[in-house]
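Asker: Handing over structure_18.txt, compact mmCIF, C-alpha atoms.
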```txt
# COMPACT_ATOMS: atom_id res chain seq x y z
CA MET A 179 -6.31 -18.79 40.41
CA GLN A 180 -7.69 -16.29 37.89
CA GLY A 181 -6.71 -13.37 40.14
CA CYS A 182 -3.18 -14.72 40.43
CA LEU A 183 -2.84 -15.05 36.67
CA ARG A 184 -4.27 -11.61 36.06
CA ARG A 185 -1.78 -10.09 38.51
CA LEU A 186 1.03 -11.93 36.72
CA ALA A 187 -0.02 -10.59 33.34
CA ALA A 188 -0.45 -7.09 34.73
CA ALA A 189 2.97 -7.18 36.34
CA ALA A 190 4.55 -8.32 33.09
CA ALA A 191 2.72 -5.73 31.04
CA ASN A 192 3.79 -2.96 33.36
CA GLY A 193 7.36 -3.97 32.59
CA ARG A 194 8.31 -4.18 36.28
CA VAL A 195 10.29 -6.71 38.24
CA LEU A 196 8.29 -6.64 41.42
CA CYS A 197 9.61 -7.25 44.88
CA SER A 198 7.58 -8.45 47.81
CA HIS A 199 7.87 -5.13 49.65
CA HIS A 200 5.25 -2.69 48.49
CA SER A 201 2.86 -0.18 49.83
CA GLY A 202 -0.46 0.36 48.09
CA ASN A 203 0.21 0.62 44.38
CA ARG A 204 3.86 1.60 44.77
CA HIS A 205 6.24 -1.21 43.85
CA GLN A 206 9.96 -1.15 44.43
CA ARG A 207 12.43 -2.61 41.95
CA HIS A 208 14.09 -5.84 42.98
CA SER A 209 17.83 -5.78 43.80
CA GLY A 210 18.44 -2.94 41.38
CA ARG A 211 17.78 -5.18 38.39
CA PRO A 212 16.37 -3.66 35.23
CA GLY A 213 12.60 -3.57 35.54
CA ALA A 214 11.47 -2.79 32.01
CA LEU A 215 10.91 -5.68 29.67
CA LEU A 216 14.18 -6.05 27.84
CA LEU A 217 12.91 -6.76 24.38
CA SER A 218 15.91 -7.04 22.13
CA ALA A 219 13.82 -6.42 19.09
CA ALA A 220 13.48 -8.77 16.44
CA ALA A 221 15.19 -10.77 13.94
CA VAL A 222 14.03 -13.36 11.68
CA GLY A 223 17.64 -14.44 11.16
CA GLY A 224 20.53 -14.72 13.66
CA ALA A 225 22.93 -17.18 15.05
CA ALA A 226 24.15 -19.89 12.74
CA ALA A 227 23.18 -22.51 15.29
CA LEU A 228 21.14 -22.57 18.46
CA THR A 229 23.64 -21.48 21.07
CA SER A 230 23.85 -22.15 24.74
CA SER A 231 22.80 -19.31 26.97
CA SER A 232 25.47 -20.40 29.39
CA ASP A 233 27.81 -18.46 27.12
CA ASN A 234 25.81 -15.33 27.89
CA LYS A 235 25.67 -15.35 31.66
CA ASP A 236 25.26 -11.61 31.93
CA ASP A 237 22.35 -11.40 29.49
CA PRO A 238 19.37 -9.80 31.27
CA GLU A 239 16.95 -11.80 29.09
CA ASP A 240 18.02 -14.95 30.95
CA GLU A 241 18.07 -13.29 34.34
CA GLU A 242 15.89 -14.94 36.97
CA VAL A 243 13.40 -12.37 38.20
CA TYR A 244 10.79 -12.21 40.91
CA ILE A 245 7.20 -11.87 39.76
CA GLU A 246 4.62 -11.52 42.45
CA ASN A 247 2.29 -14.47 43.16
CA VAL A 248 3.68 -16.88 40.57
CA GLU A 249 5.74 -19.15 42.77
CA GLU A 250 3.73 -22.12 41.45
CA SER A 251 4.90 -21.65 37.85
CA ARG A 252 7.16 -24.45 36.63
CA TYR A 253 9.02 -22.15 34.22
CA ARG A 254 12.00 -19.99 35.07
CA LYS A 255 10.69 -16.49 35.69
CA THR A 256 12.79 -14.66 33.12
CA HIS A 257 11.98 -11.52 31.17
CA MET A 258 10.98 -13.78 28.28
CA PHE A 259 8.44 -15.49 30.50
CA SER A 260 7.23 -12.08 31.65
CA HIS A 261 6.82 -11.00 28.02
CA PHE A 262 4.86 -14.19 27.25
CA CYS A 263 2.56 -13.60 30.22
CA SER A 264 1.94 -9.98 29.31
CA PHE A 265 0.29 -11.06 26.04
CA SER A 266 -1.33 -14.37 27.07
CA SER A 267 -5.09 -14.33 27.50
CA LEU A 268 -5.93 -17.98 28.28
CA ALA A 269 -5.38 -20.22 31.30
CA TYR A 270 -5.89 -23.94 31.69
CA ASN A 271 -4.74 -26.29 34.47
CA SER A 272 -2.76 -23.50 36.17
CA GLU A 273 -0.83 -22.63 33.00
CA MET A 274 -1.14 -19.65 30.70
CA PHE A 275 -1.55 -19.94 26.93
CA MET A 276 -1.56 -17.61 23.95
CA THR A 277 -4.16 -17.43 21.22
CA GLY A 278 -3.12 -16.85 17.61
CA GLU A 279 -3.87 -13.15 18.06
CA ASP A 280 -1.84 -13.01 21.27
CA PHE A 281 1.17 -14.56 19.53
CA LEU A 282 1.15 -12.07 16.65
CA ARG A 283 0.79 -9.13 19.03
CA ALA A 284 3.71 -10.38 21.12
CA VAL A 285 5.96 -10.92 18.10
CA LEU A 286 5.16 -7.64 16.36
CA TRP A 287 5.12 -5.42 19.43
CA LYS A 288 7.96 -2.92 19.28
CA SER A 289 9.79 -1.57 22.31
CA ASP A 290 10.81 1.55 20.40
CA LYS A 291 10.94 4.86 22.21
CA GLY A 292 7.55 6.47 22.56
CA ARG A 293 5.61 3.22 22.29
CA SER A 294 3.57 2.43 25.36
CA GLN A 295 3.79 -0.85 27.18
CA PRO A 296 1.16 -3.42 26.16
CA LYS A 297 -1.98 -3.59 28.21
CA ALA A 298 -2.39 -6.96 29.89
CA PRO A 299 -5.34 -8.85 28.39
CA GLU A 300 -8.14 -10.27 30.47
CA ILE A 301 -7.36 -13.87 31.41
CA ARG A 302 -10.01 -16.39 30.38
CA GLU A 303 -9.85 -19.65 32.30
CA LEU A 304 -10.81 -22.60 30.12
CA THR A 305 -12.72 -25.66 31.18
CA GLU A 306 -11.66 -29.04 29.84
CA GLU A 307 -14.53 -28.92 27.35
CA GLN A 308 -13.55 -25.44 26.13
CA PHE A 309 -9.91 -26.45 25.79
CA GLN A 310 -10.85 -29.48 23.72
CA SER A 311 -13.23 -27.41 21.62
CA ILE A 312 -10.38 -25.09 20.65
CA LEU A 313 -8.21 -28.06 19.72
CA ASP A 314 -10.98 -29.38 17.49
CA THR A 315 -10.73 -26.23 15.34
CA ALA A 316 -6.99 -26.61 14.68
CA PRO A 317 -6.10 -27.01 10.98
CA LYS A 318 -4.93 -30.57 10.35
CA HIS A 319 -2.59 -29.97 7.40
CA ILE A 320 0.34 -27.69 6.52
CA ASN A 321 -0.56 -25.96 3.27
CA GLU A 322 1.81 -24.56 0.64
CA ASP A 323 0.82 -20.90 0.90
CA GLU A 324 -0.89 -20.46 4.26
CA ARG A 325 0.29 -16.98 5.17
CA GLU A 326 -2.66 -16.27 7.43
CA LEU A 327 -2.49 -19.25 9.81
CA PHE A 328 -2.25 -17.29 13.06
CA ARG A 329 -4.63 -14.61 11.85
CA ASN A 330 -7.18 -17.28 10.94
CA LEU A 331 -6.71 -19.00 14.28
CA GLY A 332 -7.59 -15.74 16.02
CA ALA A 333 -8.84 -16.49 19.52
CA ASN A 334 -9.24 -20.20 18.74
CA ALA A 335 -5.76 -21.43 19.59
CA VAL A 336 -3.76 -22.54 22.61
CA ILE A 337 0.00 -21.94 22.34
CA SER A 338 2.21 -22.87 25.29
CA TYR A 339 5.23 -21.01 26.60
CA PRO A 340 7.80 -23.54 25.22
CA GLU A 341 6.07 -23.32 21.83
CA PHE A 342 6.24 -19.54 21.95
CA LEU A 343 10.01 -19.72 22.56
CA PHE A 344 10.41 -22.23 19.74
CA LEU A 345 8.47 -20.07 17.27
CA VAL A 346 10.35 -16.91 18.21
CA SER A 347 13.69 -18.68 17.89
CA ILE A 348 12.66 -19.78 14.38
CA LEU A 349 11.75 -16.21 13.51
CA SER A 350 15.33 -15.31 14.36
CA LYS A 351 16.83 -17.70 11.82
CA PRO A 352 17.49 -17.11 8.11
CA ARG A 353 16.08 -19.70 5.76
CA ASP A 354 19.40 -21.47 5.23
CA HIS A 355 19.36 -22.45 8.92
CA PHE A 356 16.03 -24.27 8.72
CA LEU A 357 17.85 -27.49 7.83
CA LYS A 358 20.10 -27.26 10.89
CA THR A 359 17.10 -26.64 13.13
CA PHE A 360 15.24 -29.59 11.61
CA GLN A 361 18.21 -31.93 12.01
CA MET A 362 18.60 -30.96 15.66
CA ILE A 363 14.99 -31.89 16.37
CA ASP A 364 15.08 -35.03 14.18
CA ILE A 365 16.75 -37.20 16.81
CA ASP A 366 16.71 -40.47 14.83
CA SER A 367 17.75 -38.74 11.56
CA ASN A 368 14.97 -40.29 9.49
CA TRP A 369 13.93 -36.93 7.93
CA VAL A 370 10.55 -36.80 9.64
CA LEU A 371 9.62 -35.23 12.96
CA THR A 372 7.37 -37.08 15.36
CA LYS A 373 5.34 -35.72 18.24
CA GLU A 374 7.79 -37.32 20.69
CA GLU A 375 10.74 -35.50 19.11
CA PHE A 376 8.85 -32.20 19.17
CA GLU A 377 8.04 -32.69 22.85
CA THR A 378 11.75 -33.28 23.54
CA VAL A 379 12.37 -29.75 22.29
CA GLU A 380 9.44 -28.48 24.39
CA ASN A 381 10.96 -30.02 27.50
CA MET A 382 14.28 -28.41 26.66
CA PHE A 383 12.65 -24.99 26.45
CA ALA A 384 10.92 -25.72 29.76
CA ALA A 385 14.45 -25.93 31.24
CA GLY A 386 13.87 -29.44 32.46
CA GLU A 387 11.39 -28.32 35.09
CA ALA A 388 9.08 -30.92 36.54
CA GLY A 389 5.61 -31.23 35.13
CA GLU A 390 4.10 -32.54 31.95
CA ASN A 391 3.35 -30.49 28.88
CA PRO A 392 -0.26 -30.55 27.69
CA GLU A 393 -1.04 -33.71 25.73
CA ASN A 394 -2.21 -31.53 22.86
CA THR A 395 -2.02 -27.90 21.83
CA THR A 396 -3.08 -26.21 18.61
CA LEU A 397 0.41 -26.60 17.13
CA LYS A 398 0.66 -30.26 18.09
CA VAL A 399 -2.68 -31.03 16.47
CA HIS A 400 -1.67 -29.00 13.40
CA PHE A 401 1.62 -30.88 13.11
CA PHE A 402 0.78 -34.38 14.36
CA LYS A 403 -3.03 -34.76 14.31
CA MET A 404 -5.20 -35.17 17.36
CA ASP A 405 -4.03 -38.73 18.06
CA GLY A 406 -0.34 -37.87 17.63
CA SER A 407 0.13 -40.26 14.70
CA GLY A 408 1.14 -37.59 12.19
CA VAL A 409 4.68 -36.62 11.20
CA ILE A 410 6.31 -33.55 9.65
CA THR A 411 8.63 -33.92 6.67
CA PHE A 412 11.41 -31.44 6.06
CA GLU A 413 9.36 -29.98 3.19
CA ASP A 414 6.41 -29.45 5.57
CA PHE A 415 8.72 -27.89 8.14
CA VAL A 416 10.08 -25.39 5.62
CA LYS A 417 6.56 -24.56 4.38
CA PHE A 418 5.41 -23.80 7.92
CA LEU A 419 8.41 -21.64 8.77
CA ASP A 420 8.29 -19.78 5.44
CA ASN A 421 4.62 -19.03 5.97
CA LEU A 422 5.25 -17.88 9.54
CA GLN A 423 7.94 -15.44 8.45
CA LYS A 424 5.82 -14.16 5.56
CA GLU A 425 2.77 -13.66 7.77
CA CYS A 426 4.76 -11.56 10.25
CA LEU A 427 6.37 -9.59 7.42
CA GLU A 428 2.98 -8.87 5.85
CA LEU A 429 1.47 -7.72 9.13
CA GLU A 430 4.45 -5.48 9.81
CA PHE A 431 4.14 -3.84 6.38
CA TYR A 432 0.39 -3.25 6.49
CA GLU A 433 0.55 -1.94 10.04
CA LYS A 434 2.97 0.70 8.77
CA SER A 435 0.95 1.45 5.63
CA GLY A 436 -2.36 1.70 7.49
CA GLY A 437 -3.79 -0.95 5.17
CA ASN A 438 -2.66 0.77 1.98
CA GLU A 439 -0.88 -1.10 -0.81
CA SER A 440 2.31 0.98 -0.61
CA ILE A 441 4.44 3.02 1.74
CA SER A 442 6.73 5.98 1.15
CA ASP A 443 10.53 5.92 1.02
CA ARG A 444 10.54 7.46 4.47
CA ASP A 445 8.15 4.83 5.83
CA PHE A 446 10.33 2.11 4.32
CA THR A 447 13.40 3.56 5.99
CA GLU A 448 11.65 3.84 9.36
CA LEU A 449 10.46 0.25 9.03
CA LEU A 450 13.94 -0.92 8.12
CA MET A 451 15.50 0.92 11.06
CA SER A 452 12.92 -0.34 13.55
CA ARG A 453 14.06 -3.30 15.61
CA THR A 454 17.73 -2.51 15.24
CA PHE A 455 20.29 -1.63 17.87
CA LEU A 456 20.63 1.91 16.54
CA CYS A 457 19.73 4.73 18.89
CA GLU A 458 16.91 7.09 17.94
CA GLU A 459 19.35 9.77 16.78
CA GLU A 460 21.10 7.34 14.41
CA LYS A 461 17.78 6.15 13.01
CA GLN A 462 16.70 9.71 12.39
CA GLN A 463 19.90 10.41 10.44
CA TYR A 464 18.93 7.74 7.90
CA VAL A 465 15.37 9.05 7.68
CA ASP A 466 16.65 12.60 7.14
CA ARG A 467 19.06 11.39 4.47
CA VAL A 468 16.23 9.78 2.50
CA ARG A 469 14.00 12.83 2.92
CA GLN A 470 16.71 15.14 1.63
CA ARG A 471 17.31 12.94 -1.42
CA ARG A 472 13.65 12.62 -2.33
CA GLU A 473 12.88 13.49 -5.95
CA GLU A 474 9.56 15.29 -6.20
CA HIS A 475 8.52 14.12 -9.65
CA LYS A 476 9.39 10.45 -9.22
CA ASP A 477 7.34 7.60 -7.77
CA ASN A 478 8.61 7.36 -4.19
CA SER A 479 6.33 4.52 -3.10
CA VAL A 480 7.29 0.98 -2.09
CA THR A 481 4.85 -1.93 -2.51
CA PHE A 482 4.65 -4.97 -0.25
CA ALA A 483 6.16 -7.14 -3.01
CA GLN A 484 9.17 -4.82 -3.14
CA TYR A 485 9.46 -4.70 0.64
CA ALA A 486 9.29 -8.52 0.83
CA GLN A 487 11.95 -8.83 -1.88
CA PHE A 488 14.27 -6.54 0.04
CA MET A 489 13.70 -8.36 3.33
CA ASN A 490 14.41 -11.68 1.59
CA LEU A 491 18.03 -10.53 1.53
CA LEU A 492 18.10 -11.46 5.21
CA ASN A 493 17.89 -15.12 4.24
CA ASP A 494 21.16 -14.87 2.29
CA ILE A 495 22.87 -12.13 4.24
CA HIS A 496 25.93 -14.20 5.14
CA GLU A 497 26.70 -14.97 1.49
CA LEU A 498 26.07 -11.35 0.54
CA GLU A 499 28.42 -10.17 3.27
CA ILE A 500 31.20 -12.37 1.86
CA ALA A 501 30.60 -11.04 -1.66
CA LEU A 502 30.65 -7.41 -0.53
CA ARG A 503 33.67 -8.00 1.70
CA MET A 504 35.64 -9.00 -1.41
CA PHE A 505 35.11 -5.49 -2.75
CA GLN A 506 36.47 -4.06 0.50
CA ILE A 507 39.54 -6.29 0.40
CA ALA A 508 40.17 -5.27 -3.20
CA LYS A 509 39.56 -1.64 -2.17
CA LYS A 510 36.99 -1.42 -4.91
CA PRO A 511 33.79 0.62 -4.36
CA VAL A 512 30.40 -1.08 -4.55
CA THR A 513 28.41 0.64 -7.28
CA PRO A 514 24.70 0.02 -7.95
CA GLU A 515 25.68 -2.32 -10.83
CA GLU A 516 28.11 -4.30 -8.66
CA PHE A 517 25.55 -4.49 -5.83
CA GLN A 518 22.92 -5.82 -8.25
CA ARG A 519 25.37 -8.46 -9.45
CA ALA A 520 26.23 -9.50 -5.88
CA VAL A 521 22.54 -9.80 -4.97
CA HIS A 522 21.88 -11.93 -8.05
CA VAL A 523 24.83 -14.25 -7.38
CA CYS A 524 23.92 -14.74 -3.70
CA THR A 525 20.13 -15.01 -3.96
CA GLY A 526 19.38 -16.12 -7.51
CA PHE A 527 17.07 -13.16 -8.16
CA ARG A 528 17.59 -9.62 -9.38
CA PHE A 529 16.50 -6.59 -7.40
CA GLU A 530 14.09 -4.22 -9.06
CA ASP A 531 15.85 -1.03 -10.12
CA ARG A 532 13.62 0.82 -7.66
CA LEU A 533 15.09 -1.18 -4.76
CA ILE A 534 18.65 -0.63 -5.91
CA GLU A 535 17.98 3.11 -6.07
CA LEU A 536 16.40 3.10 -2.60
CA THR A 537 19.22 1.02 -1.09
CA PHE A 538 21.79 3.57 -2.23
CA LYS A 539 19.57 6.45 -1.18
CA ILE A 540 19.72 5.04 2.36
CA PHE A 541 23.24 3.62 2.54
CA ASP A 542 25.32 5.89 0.28
CA ASP A 543 26.52 8.05 3.14
CA ASP A 544 28.29 10.78 1.16
CA GLY A 545 26.33 10.70 -2.10
CA ASP A 546 29.26 9.49 -4.23
CA GLY A 547 27.28 6.60 -5.72
CA HIS A 548 29.04 3.95 -3.61
CA LEU A 549 27.47 1.71 -0.95
CA ALA A 550 28.58 2.27 2.64
CA HIS A 551 29.23 -1.43 3.24
CA ASP A 552 29.64 -1.35 7.02
CA GLU A 553 26.47 0.69 7.58
CA PHE A 554 24.44 -1.59 5.32
CA MET A 555 25.66 -4.82 6.95
CA LYS A 556 25.18 -3.49 10.47
CA VAL A 557 21.54 -2.61 9.86
CA MET A 558 20.80 -5.87 8.02
CA LYS A 559 22.42 -8.00 10.71
CA ASP A 560 20.51 -6.11 13.37
CA LYS A 561 17.29 -6.90 11.51
CA ILE A 562 18.20 -10.58 11.55
CA ARG A 563 18.97 -10.66 15.25
CA LYS A 564 15.82 -8.72 15.99
CA ARG A 565 13.31 -10.55 13.81
CA GLY A 566 10.60 -11.85 16.11
CA THR A 567 10.93 -8.93 18.52
CA VAL A 568 12.27 -10.89 21.44
CA LYS A 569 15.56 -12.65 21.77
CA ALA A 570 15.03 -16.36 22.37
CA ARG A 571 17.68 -18.67 23.73
CA PHE A 572 17.86 -22.11 25.19
CA PRO A 573 17.67 -22.02 28.98
CA PRO A 574 21.02 -22.34 30.82
CA GLY A 575 22.59 -25.76 30.44
CA SER A 576 19.87 -27.06 28.14
CA TRP A 577 22.10 -27.17 25.05
CA LYS A 578 24.45 -29.62 26.80
CA ALA A 579 21.43 -31.55 28.01
CA PHE A 580 20.04 -31.67 24.49
CA ARG A 581 23.31 -32.97 23.02
CA LYS A 582 23.46 -35.60 25.75
CA CYS A 583 19.86 -36.58 25.00
CA VAL A 584 20.60 -36.89 21.27
CA HIS A 585 23.70 -38.98 22.00
CA GLU A 586 21.71 -41.32 24.25
CA HIS A 587 18.98 -41.75 21.64
CA MET A 588 21.51 -42.47 18.90
CA THR A 589 23.36 -44.94 21.15
CA ARG A 590 20.14 -46.79 21.89
CA ALA A 591 19.19 -46.78 18.21
CA SER A 592 22.49 -48.36 17.21
```
Represent the supplied structure as structure tokens.
Answerer:
Amino acid sequence: MQGCLRRLAAAAANGRVLCSHHSGNRHQRHSGRPGALLLSAAAVGGAAALTSSSDNKDDPEDEEVYIENVEESRYRKTHMFSHFCSFSSLAYNSEMFMTGEDFLRAVLWKSDKGRSQPKAPEIRELTEEQFQSILDTAPKHINEDERELFRNLGANAVISYPEFLFLVSILSKPRDHFLKTFQMIDIDSNWVLTKEEFETVENMFAAGEAGENPENTTLKVHFFKMDGSGVITFEDFVKFLDNLQKECLELEFYEKSGGNESISDRDFTELLMSRTFLCEEEKQQYVDRVRQRREEHKDNSVTFAQYAQFMNLLNDIHELEIALRMFQIAKKPVTPEEFQRAVHVCTGFRFEDRLIELTFKIFDDDGDGHLAHDEFMKVMKDKIRKRGTVKARFPPGSWKAFRKCVHEHMTRAS
């Protein structure tokens, strides 16, 4: 069993879709399908609602692939599953699990050019006693400002594949969509989530495959207590998701800064352009633009607080797009003053002057003091779709199944 799991993780980490015909260490690609992990980099913000992948039949992320020696897996062997396996380091009852460290590595890993594929971790098979021991360490409450939950969990966590998909899909939602997500899970509409409702979502992400989910995982104990009697209010749900987004944002910043308290304008631009759909040449054009406009005798650093404030725009990007579009319709240029006013109206806070200056340094394409609206919105929307590193969708047909399930529950309740 351990050898099988290790081969699965190694195959996923190598970014190959393996076929059964091979000689020695040479593997052929299967049916001409793309072999590299297709990581449509991140986005903590994206679709307005959770959409059916049946509308995206040609999406390689949902493509069924062959992975050697994993015929016994109950999950569809997609590139997402391959990505999950390439970072998972635990196994229990023939299933693979992530630790807190594994999850953060998987979410923050970039597929940018020049970055090597992740090395598959050693798989540690857990006994029943070891599995239960890890569950015993799970935090039992959702705290207000717990931005280090997954870092604190470290190796003492068990996160299942459906939970990984759920968390990544949340990372690809702006804050104003948290309510919609909560209401979709809250089947009986009583404004609290139960363990049973959460497991309904888990089963949906498992694509309706046979087999039971683990009675408990670290997230289930954290949300619903060990005996399953706990519930999550909407306020708790928002706290958890806010903290998750902030933890990933903080790790991303300090990885770039090397642990320092600030980064340069150029670093900020590179960070902003990472996990977008721009090609390397387009990204470099923005970096070069900022470098050329650098003022030697001014403070060109960006703190984490400033970076976080800028990235908070993603949570209100749809409203900001409408506000900026009005300037386009009126054929009126967006000046720094008008941009500041639009940000304040849409978000309720004012940008620091430093951020306004940096925004125009990046997105004023011809140096005339006016924002290049289309460039700005394209990059920001890319960041939303790519938050979380990997694109997460419901498995084919599961959205219809979920709506049917909700309808049946509501019918029974009435």
Asker: Around (9.6, -41.2, 15.8) in the file's own coordinates, what residues are found within 12 Å if you use all atoms listed in the file, given back as a list of chain:residue names?
Answerer: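 Residues close enough to count: A:Ile363, A:Asp364, A:Ile365, A:Asp366, A:Ser367, A:Asn368, A:Trp369, A:Val370, A:Leu371, A:Thr372, A:Lys373, A:Glu374, A:Glu375, A:Phe376, A:Glu377, A:Thr378, A:Phe402, A:Gly406, A:Ser407, A:Gly408, A:Val409, A:Ile410, A:Thr411, A:His587, A:Ala591.
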Asker: A:Val512, A:Val521, A:Met276, A:Ala333: which is nearest His548 (chain A), counting only C-alpha atoms?
Answerer: A:Val512
Asker: Please work out which residues fall within 10 Å of (12.8, -12.4, -1.1), coordinates as given in the file, with only C-alpha atoms counting, and return them as a compact mmCIF listing (two decimals) with C-alpha atoms, in the coordinates of the input.
Answerer:
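So out-v6.txt came out as:
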```txt
# COMPACT_ATOMS: atom_id res chain seq x y z
CA LYS A 424 5.82 -14.16 5.56
CA ALA A 483 6.16 -7.14 -3.01
CA GLN A 484 9.17 -4.82 -3.14
CA TYR A 485 9.46 -4.70 0.64
CA ALA A 486 9.29 -8.52 0.83
CA GLN A 487 11.95 -8.83 -1.88
CA PHE A 488 14.27 -6.54 0.04
CA MET A 489 13.70 -8.36 3.33
CA ASN A 490 14.41 -11.68 1.59
CA LEU A 491 18.03 -10.53 1.53
CA LEU A 492 18.10 -11.46 5.21
CA ASN A 493 17.89 -15.12 4.24
CA ASP A 494 21.16 -14.87 2.29
CA THR A 525 20.13 -15.01 -3.96
CA GLY A 526 19.38 -16.12 -7.51
CA PHE A 527 17.07 -13.16 -8.16
CA ARG A 528 17.59 -9.62 -9.38
CA PHE A 529 16.50 -6.59 -7.40
```
Asker: Quick one: distance from CA of Leu533 (chain A) to CA of Pro514 (chain A) in Å, one decimal?
Answerer: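 Calculated distance between CA of Leu533 (chain A) and CA of Pro514 (chain A) is 10.2 Å.
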Asker: Calculated over only C-alpha atoms, which of the candidates A:Val480, A:Arg469, A:Asn321, A:Ser338 has the smallest distance to Phe415 (chain A)?
Answerer: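 Residue with the minimum atom-to-atom distance to Phe415 (chain A): A:Asn321.
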Asker: Which of these, A:Glu473, A:Ala550, A:Thr315, A:Phe356, has the shortest distance to Gln506 (chain A) once you count only C-alpha atoms?
Answerer: A:Ala550
Asker: Quick one: distance from CA of Glu380 (chain A) to CA of Gln361 (chain A) in Å, one decimal?
Answerer: 15.6 Å
Asker: Check the smallest atom-to-atom distance from each of A:Val285, A:Met558, A:Tyr270, A:Leu349 to Leu456 (chain A) using all atoms listed in the file, then report the winner.
Answerer: A:Met558
Asker: I'd like the contact shell of region 435-452 of chain A - 10 Å cut-off, only C-alpha atoms, skipping same-chain residues fewer than 6 positions apart - returned as a PyMOL selection string.
Answerer: chain A and resi 219-220+288-290+429+458+460-462+464-469+472+477-485+488-489+536-537+539-540+557-558+560-561+564
Asker: Determine the nearest neighbour of Asp405 (chain A) from the options A:Asp314, A:His522, A:Asp323, A:Ser267, counting all atoms listed in the file.
Answerer: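 Nearest to Asp405 (chain A): A:Asp314.
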Asker: Between A:Lys417, A:Arg519, A:Arg302, A:Lys358, which one has atoms that come closest to His319 (chain A), using only C-alpha atoms?
Answerer: A:Lys417
Asker: Between CA of Glu433 (chain A) and CA of Arg329 (chain A), what distance in Å does the model show, to one decimal?
Answerer: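 So the answer is 13.8 Å.
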Asker: Could you name the residues that touch Val399 (chain A) at 8 Å or less, counting all atoms listed in the file, but leaving out those on the same chain fewer than 5 positions away, as a VMD selection string?
Answerer: chain A and resid 313 316 to 318 394 404 to 406
